[in-house]
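Pasted below: target.csv, CSV, N, CA and C atoms.
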chain,number,residue,atom,x,y,z
A,1,MET,N,46.1,-5.3,-61.6
A,1,MET,CA,46.4,-6.7,-61.9
A,1,MET,C,47.7,-6.8,-62.6
A,2,THR,N,48.5,-7.7,-62.2
A,2,THR,CA,49.9,-7.9,-62.9
A,2,THR,C,49.8,-9.0,-63.9
A,3,GLU,N,50.6,-8.8,-64.9
A,3,GLU,CA,50.7,-9.8,-66.0
A,3,GLU,C,51.8,-10.8,-65.6
A,4,GLU,N,51.5,-12.1,-65.8
A,4,GLU,CA,52.5,-13.1,-65.6
A,4,GLU,C,53.5,-13.1,-66.8
A,5,ARG,N,54.8,-13.3,-66.5
A,5,ARG,CA,55.9,-13.3,-67.5
A,5,ARG,C,56.6,-14.6,-67.3
A,6,GLU,N,57.1,-15.1,-68.5
A,6,GLU,CA,58.0,-16.3,-68.5
A,6,GLU,C,59.2,-16.0,-67.7
A,7,PRO,N,59.8,-17.0,-67.0
A,7,PRO,CA,61.1,-16.8,-66.3
A,7,PRO,C,62.2,-16.4,-67.3
A,8,ILE,N,63.1,-15.6,-66.9
A,8,ILE,CA,64.2,-15.2,-67.8
A,8,ILE,C,65.2,-16.4,-67.9
A,9,SER,N,65.5,-16.7,-69.1
A,9,SER,CA,66.4,-17.9,-69.3
A,9,SER,C,67.9,-17.6,-69.0
A,10,GLU,N,68.7,-18.6,-68.8
A,10,GLU,CA,70.1,-18.5,-68.6
A,10,GLU,C,70.7,-17.8,-69.8
A,11,ALA,N,70.3,-18.1,-71.1
A,11,ALA,CA,70.8,-17.5,-72.3
A,11,ALA,C,70.6,-16.0,-72.3
A,12,ALA,N,69.4,-15.6,-71.9
A,12,ALA,CA,69.0,-14.2,-71.8
A,12,ALA,C,69.9,-13.5,-70.8
A,13,LEU,N,70.1,-14.1,-69.6
A,13,LEU,CA,70.9,-13.5,-68.6
A,13,LEU,C,72.4,-13.3,-69.1
A,14,GLU,N,72.9,-14.3,-69.8
A,14,GLU,CA,74.2,-14.2,-70.3
A,14,GLU,C,74.3,-13.1,-71.4
A,15,ALA,N,73.3,-13.0,-72.2
A,15,ALA,CA,73.3,-11.9,-73.2
A,15,ALA,C,73.2,-10.6,-72.5
A,16,VAL,N,72.4,-10.4,-71.5
A,16,VAL,CA,72.4,-9.2,-70.7
A,16,VAL,C,73.7,-8.8,-70.1
A,17,ALA,N,74.4,-9.8,-69.5
A,17,ALA,CA,75.7,-9.6,-68.9
A,17,ALA,C,76.7,-9.1,-70.0
A,18,ASN,N,76.7,-9.7,-71.2
A,18,ASN,CA,77.6,-9.4,-72.2
A,18,ASN,C,77.3,-7.9,-72.7
A,19,LEU,N,76.0,-7.6,-72.9
A,19,LEU,CA,75.7,-6.3,-73.3
A,19,LEU,C,76.1,-5.2,-72.3
A,20,LEU,N,75.8,-5.5,-71.0
A,20,LEU,CA,76.2,-4.6,-69.9
A,20,LEU,C,77.7,-4.4,-69.9
A,21,ALA,N,78.5,-5.5,-70.1
A,21,ALA,CA,80.0,-5.3,-70.1
A,21,ALA,C,80.4,-4.5,-71.3
A,22,ALA,N,79.9,-4.6,-72.4
A,22,ALA,CA,80.2,-3.8,-73.6
A,22,ALA,C,79.9,-2.4,-73.3
A,23,ALA,N,78.7,-2.1,-72.8
A,23,ALA,CA,78.2,-0.8,-72.6
A,23,ALA,C,79.1,-0.1,-71.5
A,24,GLU,N,79.5,-0.8,-70.5
A,24,GLU,CA,80.3,-0.3,-69.4
A,24,GLU,C,81.7,0.1,-70.0
A,25,HIS,N,82.2,-0.7,-70.9
A,25,HIS,CA,83.5,-0.4,-71.5
A,25,HIS,C,83.5,0.9,-72.3
A,26,HIS,N,82.4,1.2,-72.8
A,26,HIS,CA,82.2,2.5,-73.6
A,26,HIS,C,81.6,3.6,-72.8
A,27,GLY,N,81.3,3.4,-71.6
A,27,GLY,CA,80.7,4.5,-70.7
A,27,GLY,C,79.3,4.8,-71.1
A,28,ILE,N,78.5,3.8,-71.5
A,28,ILE,CA,77.1,4.0,-71.9
A,28,ILE,C,76.3,3.2,-70.9
A,29,GLY,N,75.2,3.8,-70.5
A,29,GLY,CA,74.3,3.2,-69.6
A,29,GLY,C,73.2,2.4,-70.4
A,30,VAL,N,72.7,1.3,-69.9
A,30,VAL,CA,71.8,0.5,-70.7
A,30,VAL,C,70.5,0.3,-69.8
A,31,THR,N,69.3,0.4,-70.4
A,31,THR,CA,68.1,0.2,-69.7
A,31,THR,C,67.3,-1.0,-70.3
A,32,PHE,N,66.6,-1.6,-69.5
A,32,PHE,CA,65.7,-2.7,-69.9
A,32,PHE,C,64.3,-2.5,-69.4
A,33,GLU,N,63.4,-2.4,-70.3
A,33,GLU,CA,62.0,-2.0,-69.9
A,33,GLU,C,61.0,-3.1,-70.5
A,34,PRO,N,60.4,-3.8,-69.5
A,34,PRO,CA,59.3,-4.7,-70.0
A,34,PRO,C,58.1,-3.9,-70.3
A,35,ASP,N,57.3,-4.3,-71.3
A,35,ASP,CA,56.1,-3.7,-71.6
A,35,ASP,C,55.1,-4.8,-72.1
A,36,ALA,N,53.9,-4.4,-72.5
A,36,ALA,CA,52.9,-5.3,-73.0
A,36,ALA,C,53.4,-6.1,-74.2
A,37,ALA,N,54.2,-5.5,-75.0
A,37,ALA,CA,54.7,-6.2,-76.3
A,37,ALA,C,55.9,-7.0,-76.1
A,38,GLY,N,56.6,-6.9,-75.0
A,38,GLY,CA,57.8,-7.6,-74.7
A,38,GLY,C,58.8,-6.8,-73.9
A,39,TRP,N,60.0,-6.5,-74.6
A,39,TRP,CA,61.1,-5.8,-73.9
A,39,TRP,C,61.6,-4.7,-74.8
A,40,THR,N,62.0,-3.6,-74.3
A,40,THR,CA,62.7,-2.6,-75.0
A,40,THR,C,64.1,-2.4,-74.3
A,41,VAL,N,65.2,-2.4,-75.1
A,41,VAL,CA,66.5,-2.1,-74.5
A,41,VAL,C,66.9,-0.7,-75.0
A,42,GLY,N,67.3,0.1,-74.1
A,42,GLY,CA,67.7,1.5,-74.4
A,42,GLY,C,69.1,1.8,-73.9
A,43,TYR,N,69.5,3.1,-74.2
A,43,TYR,CA,70.8,3.5,-73.7
A,43,TYR,C,70.6,4.9,-73.1
A,44,ILE,N,71.6,5.2,-72.2
A,44,ILE,CA,71.7,6.6,-71.6
A,44,ILE,C,73.1,7.0,-71.8
A,45,GLN,N,73.3,8.1,-72.4
A,45,GLN,CA,74.7,8.7,-72.6
A,45,GLN,C,74.6,10.2,-72.3
A,46,GLY,N,75.3,10.6,-71.3
A,46,GLY,CA,75.3,12.0,-71.0
A,46,GLY,C,73.9,12.4,-70.5
A,47,MET,N,73.4,13.5,-71.2
A,47,MET,CA,72.0,13.9,-70.9
A,47,MET,C,71.0,13.4,-71.8
A,48,GLY,N,71.4,12.5,-72.7
A,48,GLY,CA,70.4,11.9,-73.6
A,48,GLY,C,70.3,10.4,-73.6
A,49,GLY,N,69.5,9.9,-74.4
A,49,GLY,CA,69.3,8.5,-74.5
A,49,GLY,C,68.3,8.1,-75.6
A,50,GLY,N,68.0,6.9,-75.7
A,50,GLY,CA,67.1,6.4,-76.7
A,50,GLY,C,66.9,4.9,-76.7
A,51,ASN,N,66.2,4.4,-77.6
A,51,ASN,CA,66.0,3.0,-77.7
A,51,ASN,C,67.0,2.3,-78.6
A,52,LEU,N,67.5,1.2,-78.3
A,52,LEU,CA,68.4,0.4,-79.1
A,52,LEU,C,67.6,-0.7,-79.9
A,53,ALA,N,66.7,-1.4,-79.2
A,53,ALA,CA,66.0,-2.5,-79.8
A,53,ALA,C,64.8,-2.9,-79.0
A,54,SER,N,63.8,-3.5,-79.6
A,54,SER,CA,62.6,-4.0,-79.0
A,54,SER,C,62.3,-5.4,-79.6
A,55,ALA,N,61.8,-6.3,-78.7
A,55,ALA,CA,61.4,-7.6,-79.2
A,55,ALA,C,60.5,-8.2,-78.1
A,56,TYR,N,59.9,-9.3,-78.6
A,56,TYR,CA,58.9,-10.0,-77.7
A,56,TYR,C,59.6,-10.6,-76.5
A,57,ASP,N,60.8,-11.1,-76.6
A,57,ASP,CA,61.5,-11.7,-75.4
A,57,ASP,C,62.8,-11.0,-75.2
A,58,LEU,N,63.2,-11.1,-73.9
A,58,LEU,CA,64.4,-10.3,-73.5
A,58,LEU,C,65.7,-10.7,-74.3
A,59,GLU,N,65.9,-12.0,-74.5
A,59,GLU,CA,67.1,-12.4,-75.2
A,59,GLU,C,67.2,-11.9,-76.6
A,60,THR,N,66.1,-11.9,-77.3
A,60,THR,CA,66.1,-11.4,-78.7
A,60,THR,C,66.3,-9.9,-78.7
A,61,ALA,N,65.7,-9.2,-77.7
A,61,ALA,CA,65.8,-7.7,-77.7
A,61,ALA,C,67.3,-7.3,-77.4
A,62,VAL,N,67.9,-8.1,-76.4
A,62,VAL,CA,69.3,-7.8,-76.1
A,62,VAL,C,70.2,-8.1,-77.2
A,63,LYS,N,70.0,-9.2,-77.9
A,63,LYS,CA,70.9,-9.5,-79.0
A,63,LYS,C,70.7,-8.5,-80.2
A,64,ALA,N,69.5,-8.0,-80.4
A,64,ALA,CA,69.2,-7.0,-81.4
A,64,ALA,C,69.9,-5.7,-81.0
A,65,ALA,N,70.1,-5.4,-79.8
A,65,ALA,CA,70.7,-4.2,-79.3
A,65,ALA,C,72.2,-4.1,-79.4
A,66,GLU,N,72.8,-5.2,-79.7
A,66,GLU,CA,74.3,-5.3,-79.7
A,66,GLU,C,74.8,-4.4,-80.8
A,67,ARG,N,74.3,-4.5,-82.0
A,67,ARG,CA,74.8,-3.8,-83.2
A,67,ARG,C,74.6,-2.2,-83.0
A,68,PRO,N,73.4,-1.8,-82.7
A,68,PRO,CA,73.2,-0.4,-82.4
A,68,PRO,C,74.1,0.2,-81.3
A,69,LEU,N,74.3,-0.6,-80.3
A,69,LEU,CA,75.2,-0.2,-79.2
A,69,LEU,C,76.6,0.0,-79.8
A,70,ASP,N,77.1,-0.9,-80.5
A,70,ASP,CA,78.4,-0.8,-81.1
A,70,ASP,C,78.6,0.4,-82.0
A,71,GLU,N,77.5,0.6,-82.8
A,71,GLU,CA,77.5,1.8,-83.7
A,71,GLU,C,77.5,3.1,-82.9
A,72,LEU,N,76.7,3.1,-81.8
A,72,LEU,CA,76.7,4.3,-81.0
A,72,LEU,C,78.1,4.5,-80.4
A,73,ALA,N,78.7,3.5,-79.9
A,73,ALA,CA,80.1,3.6,-79.3
A,73,ALA,C,81.1,4.0,-80.3
A,74,GLY,N,80.9,3.6,-81.5
A,74,GLY,CA,81.9,4.1,-82.6
A,74,GLY,C,81.8,5.5,-82.9
A,75,ARG,N,80.6,6.1,-82.7
A,75,ARG,CA,80.4,7.6,-82.9
A,75,ARG,C,80.8,8.4,-81.7
A,76,LEU,N,81.0,7.9,-80.5
A,76,LEU,CA,81.3,8.7,-79.4
A,76,LEU,C,82.6,9.5,-79.5
A,77,PRO,N,83.7,8.9,-79.9
A,77,PRO,CA,84.9,9.8,-80.0
A,77,PRO,C,84.7,11.0,-80.9
A,78,GLU,N,84.0,10.9,-82.0
A,78,GLU,CA,83.8,12.0,-82.9
A,78,GLU,C,82.9,13.0,-82.2
A,79,ALA,N,81.8,12.6,-81.5
A,79,ALA,CA,80.9,13.5,-80.8
A,79,ALA,C,81.6,14.2,-79.7
A,80,ARG,N,82.5,13.5,-78.9
A,80,ARG,CA,83.2,14.1,-77.8
A,80,ARG,C,84.2,15.2,-78.4
A,81,ALA,N,84.8,14.9,-79.5
A,81,ALA,CA,85.8,15.8,-80.1
A,81,ALA,C,85.0,17.1,-80.6
A,82,GLY,N,83.8,16.9,-81.1
A,82,GLY,CA,83.0,18.0,-81.6
A,82,GLY,C,82.6,19.0,-80.4
A,83,ARG,N,82.4,18.4,-79.3
A,83,ARG,CA,82.0,19.2,-78.1
A,83,ARG,C,83.2,20.0,-77.6
A,84,GLN,N,84.4,19.4,-77.7
A,84,GLN,CA,85.6,20.1,-77.1
A,84,GLN,C,86.1,21.1,-78.1
A,85,GLY,N,85.9,20.9,-79.4
A,85,GLY,CA,86.5,21.6,-80.5
A,85,GLY,C,86.2,23.1,-80.5
Translate this file's structure into structure tokens.
Amino acid sequence: MTEEREPISEAALEAVANLLAAAEHHGIGVTFEPDAAGWTVGYIQGMGGGNLASAYDLETAVKAAERPLDELAGRLPEARAGRQG
């Protein structure tokens, strides 16, 4: 049996597009996973990944993921330098 979900709002779609653009700029993959509690937004970088944020609705989860994504992107140059060093 499948669970009925609310339609995705235009605001949520715009937030998703903005997050995807930011992630692409930094070379980070983004995942969106619906579950019984709402949505989880995650990331994929190289061989690893993890969760950025979870919330009841997609728009809230995406907006909550913006800051962790920015922080992750800020650490990438240091991490890349460490691997090459």
To box range 10-17 of chain A, take all atoms listed in the file, fit an axis-aligned box, add 8 Å on each side, and give centre and edge lengths in Å to one decimal, as lines of an AutoDock Vina configuration file.
center_x = 72.7
center_y = -13.7
center_z = -70.9
size_x = 24.0
size_y = 25.8
size_z = 20.6
| message | Give me, as a ChimeraX atom specification, all polymer residues having an atom no more than 12 Å from Glu10 in chain A, counting only C-alpha atoms and skipping those fewer than 6 positions away in the same chain. | response | /A:16-17,58-59
Write out as JSON lines the residues of range 22-41 of chain A that have any atom within 10 Å of an atom of range 61-72 of chain A, one row each with the nearest atom pair and its distance in Å to one decimal, counting only C-alpha atoms, sorted by chain and then rising number.
{"residue": "A:Ala22", "atom": "CA", "partner": "A:Asp70", "partner_atom": "CA", "distance": 8.3}
{"residue": "A:Ala23", "atom": "CA", "partner": "A:Leu69", "partner_atom": "CA", "distance": 7.3}
{"residue": "A:His26", "atom": "CA", "partner": "A:Asp70", "partner_atom": "CA", "distance": 9.0}
{"residue": "A:Ile28", "atom": "CA", "partner": "A:Leu69", "partner_atom": "CA", "distance": 8.6}
{"residue": "A:Val30", "atom": "CA", "partner": "A:Leu69", "partner_atom": "CA", "distance": 9.2}
{"residue": "A:Phe32", "atom": "CA", "partner": "A:Val62", "partner_atom": "CA", "distance": 8.8}
{"residue": "A:Gly38", "atom": "CA", "partner": "A:Ala61", "partner_atom": "CA", "distance": 8.5}
{"residue": "A:Trp39", "atom": "CA", "partner": "A:Ala61", "partner_atom": "CA", "distance": 6.3}
{"residue": "A:Thr40", "atom": "CA", "partner": "A:Ala61", "partner_atom": "CA", "distance": 6.6}
{"residue": "A:Val41", "atom": "CA", "partner": "A:Ala61", "partner_atom": "CA", "distance": 6.5}
Writer output for current selection, N, CA and C atoms, as a JSON list (two decimals), keeping the file's coordinate frame:
[["chain", "number", "residue", "atom", "x", "y", "z"],
["A", 22, "ALA", "N", 79.90, -4.60, -72.40],
["A", 22, "ALA", "CA", 80.20, -3.80, -73.60],
["A", 22, "ALA", "C", 79.90, -2.40, -73.30],
["A", 23, "ALA", "N", 78.70, -2.10, -72.80],
["A", 23, "ALA", "CA", 78.20, -0.80, -72.60],
["A", 23, "ALA", "C", 79.10, -0.10, -71.50],
["A", 26, "HIS", "N", 82.40, 1.20, -72.80],
["A", 26, "HIS", "CA", 82.20, 2.50, -73.60],
["A", 26, "HIS", "C", 81.60, 3.60, -72.80],
["A", 28, "ILE", "N", 78.50, 3.80, -71.50],
["A", 28, "ILE", "CA", 77.10, 4.00, -71.90],
["A", 28, "ILE", "C", 76.30, 3.20, -70.90],
["A", 30, "VAL", "N", 72.70, 1.30, -69.90],
["A", 30, "VAL", "CA", 71.80, 0.50, -70.70],
["A", 30, "VAL", "C", 70.50, 0.30, -69.80],
["A", 32, "PHE", "N", 66.60, -1.60, -69.50],
["A", 32, "PHE", "CA", 65.70, -2.70, -69.90],
["A", 32, "PHE", "C", 64.30, -2.50, -69.40],
["A", 38, "GLY", "N", 56.60, -6.90, -75.00],
["A", 38, "GLY", "CA", 57.80, -7.60, -74.70],
["A", 38, "GLY", "C", 58.80, -6.80, -73.90],
["A", 39, "TRP", "N", 60.00, -6.50, -74.60],
["A", 39, "TRP", "CA", 61.10, -5.80, -73.90],
["A", 39, "TRP", "C", 61.60, -4.70, -74.80],
["A", 40, "THR", "N", 62.00, -3.60, -74.30],
["A", 40, "THR", "CA", 62.70, -2.60, -75.00],
["A", 40, "THR", "C", 64.10, -2.40, -74.30],
["A", 41, "VAL", "N", 65.20, -2.40, -75.10],
["A", 41, "VAL", "CA", 66.50, -2.10, -74.50],
["A", 41, "VAL", "C", 66.90, -0.70, -75.00]]
| field | Residue among A:Glu24, A:Asp57, A:Gly49, A:Ala12 lying closest to Ala36 in chain A, counting only C-alpha atoms | value | A:Asp57
| task | Enter the distance from atom N of Tyr56 in chain A to CA of Leu76 in chain A, in Å, rounded to one decimal. | result | 28.0 Å
| task | Check chain A with DSSP on the backbone and list each residue it calls strand (DSSP E or B), as JSON, numbers by chain. | result | {"A": [29, 30, 31, 32, 33, 34, 35, 38, 39, 40, 41, 42, 43, 44, 45, 48, 49, 50, 51, 52, 53, 54, 55]}
| field | All helix (DSSP H, G or I) residues (DSSP, backbone) inside chain A, as number ranges by chain | value | A: 10-26, 58-84
| said: Between A:Pro7, A:Gly29, A:Leu20, A:Ala15, which residue has the minimum interatomic distance to Gly48 in chain A, considering only C-alpha atoms? | reply: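 The closest residue to Gly48 in chain A is A:Gly29.
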| How far is it from CA of Gly50 in chain A to CA of Ala11 in chain A, in Å with one decimal? | 24.6 Å
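The space separating CA of Ser9 in chain A from CA of Ala55 in chain A comes to 15.1 Å.
Remark: for Ile8 in chain A, the closest of the candidate residues A:Ala21, A:Gln45, A:Thr60, A:Ser54 is A:Thr60 (distances computed over only C-alpha atoms).
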